[in-house]
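Chemist: Just one file: structure.json, with JSON, C-alpha atoms.
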[["chain", "number", "residue", "atom", "x", "y", "z"],
["A", 1, "MET", "CA", 18.16, -0.36, 7.97],
["A", 2, "VAL", "CA", 15.61, 0.91, 5.48],
["A", 3, "TYR", "CA", 14.84, 0.26, 1.83],
["A", 4, "ARG", "CA", 14.57, 3.30, -0.42],
["A", 5, "CYS", "CA", 12.37, 2.64, -3.44],
["A", 6, "ARG", "CA", 11.02, 4.45, -6.47],
["A", 7, "ILE", "CA", 7.58, 3.56, -7.78],
["A", 8, "GLU", "CA", 6.19, 4.64, -11.15],
["A", 9, "LEU", "CA", 2.72, 4.16, -12.59],
["A", 10, "ASN", "CA", 3.22, 2.54, -15.98],
["A", 11, "GLU", "CA", 2.02, 3.86, -19.36],
["A", 12, "ILE", "CA", 1.21, 7.39, -18.18],
["A", 13, "ALA", "CA", 3.12, 10.49, -19.24],
["A", 14, "PRO", "CA", 4.27, 12.73, -17.71],
["A", 15, "LYS", "CA", 5.23, 10.19, -15.06],
["A", 16, "ILE", "CA", 3.32, 9.75, -11.82],
["A", 17, "TRP", "CA", 6.03, 8.62, -9.42],
["A", 18, "ARG", "CA", 7.13, 8.55, -5.78],
["A", 19, "GLU", "CA", 10.31, 7.90, -3.87],
["A", 20, "PHE", "CA", 9.80, 6.43, -0.41],
["A", 21, "GLN", "CA", 11.46, 4.36, 2.28],
["A", 22, "PHE", "CA", 10.33, 1.60, 4.66],
["A", 23, "HIS", "CA", 11.69, -1.14, 6.90],
["A", 24, "PRO", "CA", 12.62, -4.30, 4.92],
["A", 25, "ASP", "CA", 11.01, -6.63, 7.48],
["A", 26, "VAL", "CA", 7.47, -5.50, 6.69],
["A", 27, "THR", "CA", 5.15, -7.98, 5.00],
["A", 28, "PHE", "CA", 4.07, -7.46, 1.41],
["A", 29, "HIS", "CA", 0.59, -6.66, 2.73],
["A", 30, "GLN", "CA", 2.09, -3.84, 4.78],
["A", 31, "LEU", "CA", 4.02, -2.69, 1.71],
["A", 32, "HIS", "CA", 0.73, -2.66, -0.19],
["A", 33, "LYS", "CA", -0.74, -0.32, 2.44],
["A", 34, "ILE", "CA", 2.35, 1.90, 2.29],
["A", 35, "ILE", "CA", 2.09, 2.14, -1.51],
["A", 36, "GLN", "CA", -1.62, 2.95, -1.26],
["A", 37, "SER", "CA", -0.84, 5.94, 0.98],
["A", 38, "VAL", "CA", 2.25, 7.02, -0.95],
["A", 39, "MET", "CA", 0.55, 6.92, -4.34],
["A", 40, "GLY", "CA", -2.81, 8.23, -3.19],
["A", 41, "TRP", "CA", -4.98, 5.20, -3.91],
["A", 42, "GLU", "CA", -7.98, 4.48, -1.68],
["A", 43, "ASN", "CA", -7.55, 0.72, -1.10],
["A", 44, "TYR", "CA", -10.82, -0.32, -2.72],
["A", 45, "HIS", "CA", -9.50, -3.23, -4.77],
["A", 46, "LEU", "CA", -7.34, -6.36, -4.78],
["A", 47, "TYR", "CA", -3.62, -6.32, -5.55],
["A", 48, "GLU", "CA", -0.63, -8.50, -6.41],
["A", 49, "PHE", "CA", 3.14, -8.23, -6.39],
["A", 50, "HIS", "CA", 5.17, -9.97, -9.10],
["A", 51, "VAL", "CA", 8.69, -10.56, -7.79],
["A", 52, "LYS", "CA", 11.20, -12.71, -9.68],
["A", 53, "GLU", "CA", 8.47, -14.86, -11.29],
["A", 54, "LYS", "CA", 6.66, -15.26, -7.97],
["A", 55, "VAL", "CA", 3.16, -13.92, -7.36],
["A", 56, "ILE", "CA", 2.43, -12.51, -3.90],
["A", 57, "GLY", "CA", -1.08, -11.44, -2.96],
["A", 58, "LEU", "CA", -4.10, -12.55, -0.95],
["A", 59, "PRO", "CA", -5.01, -16.10, -2.04],
["A", 60, "ASP", "CA", -8.74, -16.75, -2.14],
["A", 61, "PRO", "CA", -9.53, -20.33, -0.99],
["A", 62, "THR", "CA", -12.84, -20.13, -2.86],
["A", 63, "PHE", "CA", -11.00, -20.14, -6.18],
["A", 64, "ALA", "CA", -7.99, -22.24, -5.12],
["A", 65, "ASP", "CA", -8.98, -25.16, -7.37],
["A", 66, "MET", "CA", -9.30, -22.83, -10.37],
["A", 67, "GLU", "CA", -5.91, -21.14, -9.87],
["A", 68, "ASP", "CA", -3.26, -22.38, -12.31],
["A", 69, "ARG", "CA", -0.45, -20.65, -10.41],
["A", 70, "GLU", "CA", 0.83, -20.42, -6.86],
["A", 71, "VAL", "CA", -0.03, -17.20, -5.02],
["A", 72, "LEU", "CA", 2.07, -16.62, -1.90],
["A", 73, "ASN", "CA", 0.27, -15.01, 1.03],
["A", 74, "ALA", "CA", 1.18, -11.33, 1.28],
["A", 75, "ARG", "CA", 0.28, -11.27, 4.99],
["A", 76, "ARG", "CA", 3.06, -13.80, 5.68],
["A", 77, "GLU", "CA", 5.76, -13.05, 3.13],
["A", 78, "ILE", "CA", 8.46, -10.62, 4.31],
["A", 79, "VAL", "CA", 9.77, -8.16, 1.73],
["A", 80, "GLN", "CA", 13.45, -8.73, 2.58],
["A", 81, "LYS", "CA", 13.07, -12.48, 1.91],
["A", 82, "HIS", "CA", 12.28, -11.79, -1.76],
["A", 83, "VAL", "CA", 13.92, -8.40, -2.38],
["A", 84, "HIS", "CA", 17.42, -8.01, -0.98],
["A", 85, "GLU", "CA", 19.65, -6.43, -3.63],
["A", 86, "GLU", "CA", 19.85, -2.86, -4.83],
["A", 87, "ASN", "CA", 18.38, -2.24, -8.31],
["A", 88, "THR", "CA", 15.94, -5.11, -7.93],
["A", 89, "VAL", "CA", 12.82, -4.32, -9.97],
["A", 90, "PHE", "CA", 9.39, -5.80, -9.30],
["A", 91, "THR", "CA", 5.77, -5.07, -10.18],
["A", 92, "TYR", "CA", 2.80, -3.99, -8.09],
["A", 93, "VAL", "CA", -0.63, -4.47, -9.68],
["A", 94, "TYR", "CA", -3.65, -2.73, -8.18],
["A", 95, "ASP", "CA", -7.29, -3.22, -9.20],
["A", 96, "PHE", "CA", -7.50, -6.16, -11.59],
["A", 97, "GLY", "CA", -10.26, -4.41, -13.54],
["A", 98, "ASP", "CA", -8.49, -1.12, -14.21],
["A", 99, "ASP", "CA", -5.17, -3.02, -14.10],
["A", 100, "TRP", "CA", -2.90, -0.33, -12.69],
["A", 101, "GLN", "CA", 0.64, -1.64, -13.21],
["A", 102, "HIS", "CA", 3.40, -0.05, -11.11],
["A", 103, "THR", "CA", 7.15, -0.57, -11.48],
["A", 104, "VAL", "CA", 8.98, -0.59, -8.13],
["A", 105, "THR", "CA", 12.79, -0.31, -7.96],
["A", 106, "LEU", "CA", 14.89, -0.79, -4.85],
["A", 107, "ILE", "CA", 17.30, 2.08, -5.41],
["A", 108, "LYS", "CA", 19.17, 1.96, -2.10],
["A", 109, "ILE", "CA", 19.62, -0.13, 1.03],
["A", 110, "ASP", "CA", 20.40, 2.40, 3.74],
["A", 111, "ALA", "CA", 22.03, 0.83, 6.79],
["A", 112, "SER", "CA", 22.60, 4.22, 8.46],
["A", 113, "THR", "CA", 18.90, 4.82, 9.15],
["A", 114, "SER", "CA", 17.27, 3.06, 12.09],
["A", 115, "ASP", "CA", 13.80, 4.65, 12.16],
["A", 116, "PRO", "CA", 11.41, 1.94, 10.89],
["A", 117, "ALA", "CA", 8.57, 4.35, 10.07],
["A", 118, "PRO", "CA", 7.75, 4.61, 6.34],
["A", 119, "LEU", "CA", 8.47, 7.98, 4.79],
["A", 120, "CYS", "CA", 7.72, 9.61, 1.46],
["A", 121, "LEU", "CA", 10.76, 11.47, 0.11],
["A", 122, "ASP", "CA", 9.70, 12.90, -3.24],
["A", 123, "GLY", "CA", 7.26, 12.50, -6.10],
["A", 124, "ALA", "CA", 5.30, 14.14, -8.88],
["A", 125, "ARG", "CA", 1.70, 14.46, -10.06],
["A", 126, "GLY", "CA", -1.55, 13.25, -8.56],
["A", 127, "CYS", "CA", -2.85, 9.69, -8.51],
["A", 128, "PRO", "CA", -5.66, 8.80, -10.94],
["A", 129, "GLN", "CA", -9.25, 8.46, -9.74],
["A", 130, "GLU", "CA", -10.42, 5.06, -8.56],
["A", 131, "ASP", "CA", -12.56, 3.18, -11.10],
["A", 132, "VAL", "CA", -11.81, 5.63, -13.92],
["A", 133, "GLY", "CA", -11.20, 2.80, -16.39],
["A", 134, "GLY", "CA", -7.46, 2.28, -16.27],
["A", 135, "VAL", "CA", -4.86, 4.20, -18.25],
["A", 136, "TRP", "CA", -7.16, 4.88, -21.22],
["A", 137, "GLY", "CA", -10.01, 6.04, -18.97],
["A", 138, "HIS", "CA", -7.69, 8.34, -17.03],
["A", 139, "GLN", "CA", -6.24, 9.94, -20.16],
["A", 140, "HIS", "CA", -9.73, 10.34, -21.64],
["A", 141, "MET", "CA", -10.99, 12.00, -18.45],
["A", 142, "LEU", "CA", -8.13, 14.51, -18.46],
["A", 143, "GLU", "CA", -8.75, 15.30, -22.12],
["A", 144, "VAL", "CA", -12.46, 15.91, -21.42],
["A", 145, "LEU", "CA", -11.76, 18.14, -18.40],
["A", 146, "LEU", "CA", -9.32, 20.25, -20.45],
["A", 147, "THR", "CA", -11.83, 20.73, -23.29],
["A", 148, "PRO", "CA", -14.33, 23.48, -22.26],
["A", 149, "ASN", "CA", -17.09, 22.50, -24.71],
["A", 150, "HIS", "CA", -16.68, 18.73, -24.55],
["A", 151, "PRO", "CA", -20.10, 16.99, -24.30],
["A", 152, "GLU", "CA", -18.88, 14.77, -21.42],
["A", 153, "ARG", "CA", -17.33, 17.56, -19.37],
["A", 154, "ASP", "CA", -20.26, 18.12, -16.99],
["A", 155, "HIS", "CA", -20.47, 14.38, -16.35],
["A", 156, "PHE", "CA", -16.79, 14.13, -15.34],
["A", 157, "ILE", "CA", -16.87, 17.34, -13.28],
["A", 158, "GLY", "CA", -19.70, 15.85, -11.27],
["A", 159, "TRP", "CA", -17.94, 12.50, -10.94],
["A", 160, "VAL", "CA", -14.37, 13.37, -9.87],
["A", 161, "ARG", "CA", -13.68, 13.76, -6.17],
["A", 162, "GLU", "CA", -13.85, 17.28, -4.80],
["A", 163, "GLY", "CA", -10.61, 19.22, -5.20],
["A", 164, "TYR", "CA", -9.05, 16.71, -7.60],
["A", 165, "ASP", "CA", -5.99, 18.13, -9.34],
["A", 166, "PRO", "CA", -3.98, 15.78, -11.60],
["A", 167, "GLU", "CA", -0.84, 17.83, -10.99],
["A", 168, "HIS", "CA", -1.09, 18.04, -7.20],
["A", 169, "PHE", "CA", 1.34, 16.12, -5.00],
["A", 170, "SER", "CA", 2.42, 16.88, -1.44],
["A", 171, "CYS", "CA", 5.04, 14.92, 0.50],
["A", 172, "GLU", "CA", 3.81, 16.56, 3.68],
["A", 173, "GLU", "CA", 0.24, 15.33, 3.19],
["A", 174, "VAL", "CA", 1.43, 11.79, 2.41],
["A", 175, "ASN", "CA", 3.68, 11.69, 5.48],
["A", 176, "GLN", "CA", 0.85, 12.87, 7.70],
["A", 177, "GLU", "CA", -1.20, 9.90, 6.50],
["A", 178, "LEU", "CA", 1.74, 7.49, 6.96],
["A", 179, "GLY", "CA", 2.22, 8.87, 10.46],
["A", 180, "ARG", "CA", -1.41, 8.14, 11.35],
["A", 181, "GLN", "CA", -0.94, 4.52, 10.36],
["A", 182, "LYS", "CA", 2.63, 4.09, 11.60],
["A", 183, "ASP", "CA", 2.09, 1.14, 13.96],
["A", 184, "LYS", "CA", 0.37, -0.82, 11.17],
["A", 185, "LEU", "CA", 3.17, -0.11, 8.68],
["A", 186, "ILE", "CA", 6.25, -1.29, 10.59],
["A", 187, "PRO", "CA", 7.27, -4.83, 11.60],
["A", 188, "LYS", "CA", 5.21, -6.08, 14.56],
["A", 189, "SER", "CA", 8.38, -6.73, 16.53],
["A", 190, "LEU", "CA", 9.21, -3.03, 16.42],
["A", 191, "VAL", "CA", 5.85, -1.70, 17.58],
["A", 192, "LYS", "CA", 6.41, -0.08, 20.99],
["A", 193, "ARG", "CA", 3.91, -0.92, 23.70],
["A", 194, "PRO", "CA", 2.99, 1.72, 26.30],
["A", 195, "VAL", "CA", 5.48, 1.80, 29.19],
["A", 196, "GLY", "CA", 4.28, -0.15, 32.21],
["A", 197, "LYS", "CA", 1.61, -2.04, 30.32],
["A", 198, "LYS", "CA", 2.14, -5.67, 29.50],
["A", 199, "PRO", "CA", -0.28, -7.89, 27.62],
["A", 200, "VAL", "CA", -2.44, -9.85, 30.07],
["A", 201, "LYS", "CA", -2.67, -13.57, 29.41],
["A", 202, "LEU", "CA", -5.80, -15.01, 31.00],
["A", 203, "THR", "CA", -5.21, -18.63, 31.96],
["A", 204, "LYS", "CA", -7.71, -21.10, 33.41],
["A", 205, "SER", "CA", -5.94, -21.13, 36.79],
["A", 206, "ALA", "CA", -5.87, -17.32, 36.93],
["A", 207, "LEU", "CA", -9.58, -17.19, 36.15],
["A", 208, "ASN", "CA", -10.39, -19.74, 38.88],
["A", 209, "LYS", "CA", -8.31, -17.78, 41.37],
["A", 210, "HIS", "CA", -10.14, -14.57, 40.47],
["A", 211, "LEU", "CA", -13.54, -16.27, 40.87],
["A", 212, "LYS", "CA", -12.58, -17.66, 44.30],
["A", 213, "GLN", "CA", -11.59, -14.17, 45.39],
["A", 214, "LEU", "CA", -14.95, -12.83, 44.30],
["A", 215, "ASN", "CA", -16.81, -15.61, 46.12],
["A", 216, "SER", "CA", -14.90, -14.87, 49.34],
["A", 217, "PHE", "CA", -16.55, -11.46, 49.69],
["A", 218, "PRO", "CA", -19.59, -11.40, 52.07]]
Let me see the structure of the file written as structure tokens.
Modeler:
Amino acid sequence: MVYRCRIELNEIAPKIWREFQFHPDVTFHQLHKIIQSVMGWENYHLYEFHVKEKVIGLPDPTFADMEDREVLNARREIVQKHVHEENTVFTYVYDFGDDWQHTVTLIKIDASTSDPAPLCLDGARGCPQEDVGGVWGHQHMLEVLLTPNHPERDHFIGWVREGYDPEHFSCEEVNQELGRQKDKLIPKSLVKRPVGKKPVKLTKSALNKHLKQLNSFP
């Protein structure tokens, strides 16, 4: 079984969107990593999911006493536990400074697919630059870059990453990146270990036995 979702970056037109699929038993932290690759973000900042009035993220014990809301741990919460019906809509927030709000919709639960690896299926337009200043900053940057004599143009040309194209999107490039991270983006129970290799559990008795064998050599 896989979940097929559509994600859109809010308040930007034309839309920056992706359609992608993943195994429903991943954690929300794994889903965060999938979204980072699918959208084209660089994972520099904190994030949260807002699902049916619940907040799921990475709680910081340093500020626990100051928090006036419960934040569920994204490393422990399984997506399927909170999202299990088609057309469910939830929010993904990335970078609390720039405040990139994404709308995620579960468009299909596909029981015919067994491959747990995440996959990008379609999309349009390139992801904004990190730390550009949110929606307003992104739109301002594009306006400057499209205005030949704009006084800020040289500044932005020197600041944007090399080869940046706001219209560029490639499913193939995204899937290559997802493939490189595959074992980190599927449920741990489905990660295949190399044939013939089993995890070695070192017990106290096994260690003592090994030491006795070493001491028996002349």
Chemist: Hey, what's within 12 Å of Val132 of chain A if we count only C-alpha atoms and toss same-chain stuff fewer than 4 positions away? As a ChimeraX atom specification, please?
Modeler: /A:95,97-100,127-128,136-142,156,159-161
Chemist: Between atom CA of His84 of chain A and atom CA of Val38 of chain A, what distance in Å does the model show, to one decimal?
Modeler: 21.4 Å
Chemist: Would you mind listing what lies within 10 Å of segment 67-80 of chain A as JSON, numbers by chain, with only C-alpha atoms counted and same-chain residues fewer than 5 positions away left out?
Modeler: {"A": [3, 23, 24, 25, 26, 27, 28, 29, 30, 31, 32, 47, 48, 49, 50, 51, 54, 55, 56, 57, 58, 59, 60, 61, 62, 85, 187]}
Chemist: Enter the distance from atom CA of Leu119 of chain A to atom CA of Glu53 of chain A, in Å, rounded to one decimal.
Modeler: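 We find that atom CA of Leu119 of chain A and atom CA of Glu53 of chain A lie 27.9 Å from each other.
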Chemist: Neighbouring residues of Trp41 of chain A were defined as those with any atom within 9 Å, considering only C-alpha atoms; residues of the same chain fewer than 4 positions away were excluded. Please report them as a VMD selection string.
Modeler: chain A and resid 35 to 37 127 to 130
Chemist: Grab the atom CA of Gln176 of chain A to atom CA of Tyr92 of chain A distance for me, in Å with one decimal place.
Modeler: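 Between atom CA of Gln176 of chain A and atom CA of Tyr92 of chain A the gap is 23.2 Å.
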Chemist: Ile16 of chain A: which residues within 8 Å, counting all atoms listed in the file, same-chain residues fewer than 3 positions away excluded, as a PyMOL selection string?
Modeler: chain A and resi 8-9+12-13+123-127
Chemist: Name all residues at most 8 Å from segment 102-105 of chain A (count only C-alpha atoms; drop same-chain ones fewer than 2 positions away) and give them as a list in words.
Modeler: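 Here the answer would be Cys5, Arg6, Ile7, Glu8, Leu9, Asn10, Asn87, Thr88, Val89, Phe90, Thr91, Tyr92, Val93, Trp100 and Ile107 of chain A.
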Chemist: Restricting the calculation to only C-alpha atoms, which member of A:Val144, A:Gly158, A:Asn175, A:His82 is positioned closest to Gln21 of chain A?
Modeler: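 Going through A:Val144, A:Gly158, A:Asn175, A:His82 one by one, the smallest distance to Gln21 of chain A is for A:Asn175.
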Chemist: Got a sec to check which residues sit within 10 Å of (-4.3, 5.2, 5.1), counting all atoms listed in the file, and write them as number ranges by chain?
Modeler: A: 33-38, 40-43, 174, 176-182, 184-185
